[in-house]
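Everything below belongs to model.txt, which stores compact mmCIF, C-alpha atoms and all ligand atoms.
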```txt
# COMPACT_ATOMS: atom_id res chain seq x y z
CA MET G 632 18.14 -3.07 -32.31
CA SER G 633 14.58 -3.61 -31.13
CA ASN G 634 13.78 -2.06 -27.79
CA GLU G 635 10.24 -3.36 -27.33
CA ASN G 636 11.12 -5.10 -24.07
CA THR G 637 12.66 -1.93 -22.68
CA GLN G 638 9.58 0.02 -23.73
CA GLU G 639 7.37 -2.53 -22.00
CA VAL G 640 9.24 -2.44 -18.69
CA LEU G 641 9.29 1.36 -18.82
CA ASN G 642 5.50 1.40 -19.21
CA GLN G 643 5.14 -1.08 -16.36
CA THR G 644 7.25 1.31 -14.29
CA VAL G 645 5.14 4.32 -15.30
CA ALA G 646 1.92 2.56 -14.24
CA ASP G 647 3.43 1.32 -10.97
CA LEU G 648 4.93 4.70 -10.02
CA PHE G 649 1.60 6.39 -10.66
CA LYS G 650 -0.20 3.88 -8.47
CA ALA G 651 2.45 4.10 -5.74
CA SER G 652 2.00 7.88 -5.69
CA VAL G 653 -1.76 7.50 -5.21
CA LEU G 654 -1.13 5.00 -2.40
CA VAL G 655 1.25 7.38 -0.63
CA HIS G 656 -1.30 10.17 -0.98
CA GLN G 657 -3.94 7.96 0.62
CA VAL G 658 -1.64 7.30 3.57
CA HIS G 659 -0.82 11.03 3.80
CA TRP G 660 -4.53 11.82 4.20
CA TYR G 661 -5.65 8.94 6.39
CA MET G 662 -2.84 8.62 8.93
CA ARG G 663 -3.57 9.48 12.56
CA GLY G 664 -1.85 9.01 15.87
CA ALA G 665 1.70 8.97 17.17
CA GLY G 666 4.24 10.10 14.63
CA PHE G 667 1.69 12.06 12.57
CA LEU G 668 3.59 15.35 12.68
CA THR G 669 6.70 13.81 11.11
CA LEU G 670 5.08 11.09 8.98
CA HIS G 671 2.44 13.31 7.36
CA PRO G 672 5.03 15.64 5.72
CA LYS G 673 7.29 12.64 5.03
CA MET G 674 4.53 11.24 2.81
CA ASP G 675 4.59 14.49 0.80
CA GLU G 676 8.32 14.01 0.30
CA LEU G 677 7.87 10.40 -0.84
CA LYS G 678 5.06 11.38 -3.20
CA ASP G 679 7.20 14.13 -4.76
CA GLN G 680 10.01 11.60 -5.34
CA LEU G 681 7.62 9.15 -6.99
CA ASP G 682 6.09 11.86 -9.20
CA GLU G 683 9.53 13.04 -10.31
CA ALA G 684 10.60 9.49 -11.12
CA LEU G 685 7.33 8.92 -13.00
CA ASP G 686 8.02 11.93 -15.23
CA GLU G 687 11.63 10.83 -15.84
CA PHE G 688 10.68 7.30 -16.87
CA ALA G 689 7.79 8.46 -19.08
CA GLU G 690 10.01 10.96 -20.86
CA ARG G 691 12.77 8.40 -21.31
CA LEU G 692 10.17 6.12 -22.90
CA ILE G 693 9.19 8.87 -25.34
CA THR G 694 12.87 9.57 -26.05
CA ILE G 695 13.42 5.98 -27.18
CA GLY G 696 10.35 5.99 -29.44
CA GLY G 697 7.68 4.73 -27.05
CA SER G 698 4.30 5.95 -25.83
CA PRO G 699 3.73 6.19 -22.08
CA LEU G 700 0.47 4.98 -20.59
CA SER G 701 -1.40 8.10 -19.49
CA THR G 702 -4.94 7.28 -18.44
CA LEU G 703 -6.21 6.15 -15.05
CA ALA G 704 -7.77 3.07 -16.68
CA GLU G 705 -4.43 2.03 -18.19
CA TYR G 706 -2.62 2.53 -14.88
CA GLU G 707 -5.25 0.52 -13.03
CA ALA G 708 -5.10 -2.32 -15.55
CA THR G 709 -1.30 -2.41 -15.76
CA SER G 710 0.01 -1.71 -12.27
CA LYS G 711 0.44 -4.62 -9.89
CA ILE G 712 0.11 -2.27 -6.90
CA LYS G 713 -3.43 -2.82 -5.70
CA MET G 714 -5.32 -0.44 -3.43
CA THR G 715 -8.53 -0.61 -1.46
CA THR G 716 -10.97 2.10 -0.44
CA ALA G 717 -9.49 3.90 2.54
CA LYS G 718 -10.79 3.18 6.01
CA TRP G 719 -10.10 4.90 9.30
CA GLY G 720 -8.80 2.83 12.16
CA LYS G 721 -5.63 1.36 10.69
CA SER G 722 -2.43 2.06 12.58
CA ASN G 723 0.28 4.19 11.02
CA ALA G 724 2.50 1.10 11.09
CA GLU G 725 -0.02 -0.83 9.00
CA ARG G 726 -0.18 2.03 6.51
CA LEU G 727 3.60 2.31 6.31
CA GLN G 728 3.74 -1.45 5.77
CA GLU G 729 1.51 -1.04 2.71
CA ILE G 730 3.95 1.51 1.33
CA LEU G 731 6.91 -0.71 2.18
CA THR G 732 5.34 -3.63 0.31
CA ALA G 733 4.75 -1.42 -2.74
CA TYR G 734 8.32 -0.11 -2.59
CA LYS G 735 9.80 -3.61 -2.37
CA TYR G 736 7.77 -4.54 -5.43
CA LEU G 737 8.98 -1.37 -7.22
CA ALA G 738 12.59 -2.31 -6.42
CA GLU G 739 12.01 -5.63 -8.23
CA VAL G 740 10.55 -3.80 -11.25
CA PHE G 741 13.62 -1.54 -11.33
CA LYS G 742 15.94 -4.57 -11.16
CA LYS G 743 14.07 -6.11 -14.09
CA GLY G 744 14.38 -2.78 -15.90
CA ILE G 745 18.16 -2.81 -15.47
CA LYS G 746 18.38 -6.33 -16.89
CA VAL G 747 16.01 -5.77 -19.81
CA ALA G 748 17.50 -2.41 -20.83
CA ASP G 749 20.98 -3.92 -20.60
CA GLU G 750 19.92 -6.72 -22.96
CA ASP G 751 18.67 -4.05 -25.38
CA GLY G 752 21.97 -2.18 -25.11
CA ASP G 753 20.25 0.91 -23.67
CA ASP G 754 22.82 2.25 -21.20
CA VAL G 755 20.92 5.44 -20.42
CA THR G 756 17.81 3.52 -19.36
CA VAL G 757 20.01 1.14 -17.35
CA ASP G 758 21.43 4.19 -15.58
CA LEU G 759 17.94 5.61 -14.91
CA PHE G 760 16.76 2.33 -13.38
CA THR G 761 19.99 1.99 -11.37
CA THR G 762 19.61 5.46 -9.85
CA ALA G 763 15.93 4.79 -9.09
CA LEU G 764 16.86 1.48 -7.47
CA GLY G 765 19.46 3.11 -5.24
CA ASP G 766 16.96 5.75 -4.15
CA ILE G 767 14.19 3.29 -3.40
CA GLU G 768 16.49 0.89 -1.54
CA LYS G 769 17.45 3.79 0.72
CA THR G 770 13.78 4.59 1.37
CA ILE G 771 13.05 0.89 2.02
CA TRP G 772 15.84 0.91 4.61
CA MET G 773 14.33 4.00 6.27
CA LEU G 774 10.81 2.53 6.32
CA ASP G 775 12.18 -0.74 7.73
CA ALA G 776 14.01 1.24 10.41
CA GLU G 777 10.85 3.19 11.30
CA LEU G 778 8.86 -0.05 11.60
CA ALA G 779 11.54 -1.99 13.49
FE FE H 1 -1.16 17.49 2.16
```
Representation of the structure as structure tokens:
Amino acid sequence: MSNENTQEVLNQTVADLFKASVLVHQVHWYMRGAGFLTLHPKMDELKDQLDEALDEFAERLITIGGSPLSTLAEYEATSKIKMTTAKWGKSNAERLQEILTAYKYLAEVFKKGIKVADEDGDDVTVDLFTTALGDIEKTIWMLDAELA
């Protein structure tokens, strides 16, 4: 059975997770103000989770015969997570909102991944996307709670 669609959604995921990690790193560096002492290390934790997921999805893609995107130019062209040059003066809430928006988008990519991999009969990839979706939904809940 052809798995081109699964390969494509895996590469979309790879590009988006890379970009999300860069975004979280930007927030880690640029945040200031109330909450810094807890939020600054929290960003490290989120970045580690994204980097781990990135590696898992890329290696799954290789396992099923694909080739993960691996250059900055490919990530920039493929990811739908857009970033701007960092500026001081944004509130921590505004920065967390940027992460929340990216995470909600990632959740949609993971949902698509579940559907596409299921259509290709790839249960392992379905499982990978399902676990990633559960993890990110939990983080979305926590970010929502922080911003409430
Ligand atoms: Fe740091």
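Considering only C-alpha atoms and all ligand atoms, every residue of the polymer chains approaching ligand FE 1 (chain H) to 8 Å or closer is listed here: His656, His659, Trp660, His671, Pro672 and Asp675 of chain G.
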Any chance you could export the current selection's C-alpha atoms as a short mmCIF file (atom, residue, chain, number, x, y, z; two decimals), in the coordinates of the input?
```cif
data_model
loop_
_atom_site.label_atom_id
_atom_site.label_comp_id
_atom_site.auth_asym_id
_atom_site.auth_seq_id
_atom_site.Cartn_x
_atom_site.Cartn_y
_atom_site.Cartn_z
CA HIS G 656 -1.30 10.17 -0.98
CA HIS G 659 -0.82 11.03 3.80
CA TRP G 660 -4.53 11.82 4.20
CA HIS G 671 2.44 13.31 7.36
CA PRO G 672 5.03 15.64 5.72
CA ASP G 675 4.59 14.49 0.80
#
```
Worksheet entry | Nearest residue to Leu778 in chain G from the set G:Arg663, G:Arg726, G:Lys650, G:Lys718 (distances using all atoms listed in the file) | G:Arg726
Item to complete: Go ahead and compute the interatomic distance for CA of Gly720 in chain G and CA of Ala651 in chain G, in Å to one decimal.
Response: 21.2 Å
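From CA of Ser710 in chain G back to CA of Ala646 in chain G, the distance works out to 5.1 Å.
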Discussion item. As a ChimeraX atom specification, please: the residues near range 755-770 of chain G (cut-off 8 Å, only C-alpha atoms, same-chain neighbours under 3 positions excluded).
Written reply: /G:684,688,691,734,737-738,741-742,744-746,748-749,773-774
Discussion item. When you look at Glu729 in chain G with a cut-off of 12 Å (counting only C-alpha atoms), what residues show up, excluding the ones that are within fewer than 3 positions of it in the same chain? I need them as a count of residues only.
Written reply: 24
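Considering all atoms listed in the file, the residue among G:Ala689, G:Val747, G:Leu700, G:Ala665 positioned nearest to Thr637 in chain G is G:Val747.
Take CA of Gln638 in chain G and CA of Glu739 in chain G: the distance between them is 16.7 Å.
Checking G:Leu727, G:Val740, G:Ala704, G:Leu692 one by one against Gly666 in chain G, counting all atoms listed in the file, you find the shortest gap at G:Leu727.
For the set G:Glu683, G:Glu635, G:Asp647, G:Asp751, the residue with the smallest atom-to-atom gap to Gly696 in chain G is G:Glu635, counting only C-alpha atoms.
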Worksheet entry | Nearest to Leu685 in chain G, chosen from G:Val645, G:Val653, G:Val640, G:Ile730, with only C-alpha atoms counted in the distances | G:Val645
Could you please fill out range 687-701 of chain G with N, CA, C and O atoms and send it back as an mmCIF file, keeping the file's coordinate frame?
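Result file follows (part-v4.cif):
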```cif
data_model
loop_
_atom_site.group_PDB
_atom_site.id
_atom_site.type_symbol
_atom_site.label_atom_id
_atom_site.label_comp_id
_atom_site.auth_asym_id
_atom_site.auth_seq_id
_atom_site.Cartn_x
_atom_site.Cartn_y
_atom_site.Cartn_z
ATOM 1 N N GLU G 687 10.351 11.225 -15.223
ATOM 2 C CA GLU G 687 11.630 10.830 -15.840
ATOM 3 C C GLU G 687 11.483 9.577 -16.686
ATOM 4 O O GLU G 687 11.979 9.514 -17.818
ATOM 5 N N PHE G 688 10.820 8.567 -16.141
ATOM 6 C CA PHE G 688 10.680 7.300 -16.870
ATOM 7 C C PHE G 688 9.777 7.477 -18.095
ATOM 8 O O PHE G 688 10.065 6.920 -19.163
ATOM 9 N N ALA G 689 8.691 8.237 -17.942
ATOM 10 C CA ALA G 689 7.790 8.460 -19.080
ATOM 11 C C ALA G 689 8.517 9.197 -20.207
ATOM 12 O O ALA G 689 8.377 8.859 -21.386
ATOM 13 N N GLU G 690 9.314 10.183 -19.830
ATOM 14 C CA GLU G 690 10.010 10.960 -20.860
ATOM 15 C C GLU G 690 11.158 10.181 -21.492
ATOM 16 O O GLU G 690 11.452 10.339 -22.679
ATOM 17 N N ARG G 691 11.774 9.307 -20.724
ATOM 18 C CA ARG G 691 12.770 8.400 -21.310
ATOM 19 C C ARG G 691 12.099 7.493 -22.343
ATOM 20 O O ARG G 691 12.644 7.238 -23.420
ATOM 21 N N LEU G 692 10.918 6.989 -21.988
ATOM 22 C CA LEU G 692 10.170 6.120 -22.900
ATOM 23 C C LEU G 692 9.874 6.842 -24.211
ATOM 24 O O LEU G 692 10.048 6.280 -25.306
ATOM 25 N N ILE G 693 9.455 8.092 -24.120
ATOM 26 C CA ILE G 693 9.190 8.870 -25.340
ATOM 27 C C ILE G 693 10.484 9.068 -26.130
ATOM 28 O O ILE G 693 10.510 8.930 -27.359
ATOM 29 N N THR G 694 11.570 9.338 -25.405
ATOM 30 C CA THR G 694 12.870 9.570 -26.050
ATOM 31 C C THR G 694 13.308 8.380 -26.895
ATOM 32 O O THR G 694 13.905 8.551 -27.951
ATOM 33 N N ILE G 695 12.991 7.163 -26.434
ATOM 34 C CA ILE G 695 13.420 5.980 -27.180
ATOM 35 C C ILE G 695 12.338 5.477 -28.151
ATOM 36 O O ILE G 695 12.391 4.349 -28.634
ATOM 37 N N GLY G 696 11.333 6.323 -28.404
ATOM 38 C CA GLY G 696 10.350 5.990 -29.440
ATOM 39 C C GLY G 696 9.058 5.376 -28.928
ATOM 40 O O GLY G 696 8.237 4.917 -29.731
ATOM 41 N N GLY G 697 8.867 5.363 -27.620
ATOM 42 C CA GLY G 697 7.680 4.730 -27.050
ATOM 43 C C GLY G 697 6.567 5.711 -26.727
ATOM 44 O O GLY G 697 6.689 6.917 -26.954
ATOM 45 N N SER G 698 5.489 5.155 -26.172
ATOM 46 C CA SER G 698 4.300 5.950 -25.830
ATOM 47 C C SER G 698 3.873 5.600 -24.413
ATOM 48 O O SER G 698 3.372 4.505 -24.171
ATOM 49 N N PRO G 699 4.068 6.514 -23.467
ATOM 50 C CA PRO G 699 3.730 6.190 -22.080
ATOM 51 C C PRO G 699 2.220 6.062 -21.860
ATOM 52 O O PRO G 699 1.436 6.833 -22.422
ATOM 53 N N LEU G 700 1.857 5.089 -21.044
ATOM 54 C CA LEU G 700 0.470 4.980 -20.590
ATOM 55 C C LEU G 700 0.139 6.285 -19.869
ATOM 56 O O LEU G 700 0.984 6.838 -19.151
ATOM 57 N N SER G 701 -1.091 6.771 -20.044
ATOM 58 C CA SER G 701 -1.400 8.100 -19.490
ATOM 59 C C SER G 701 -2.803 8.234 -18.948
ATOM 60 O O SER G 701 -3.180 9.314 -18.488
#
```
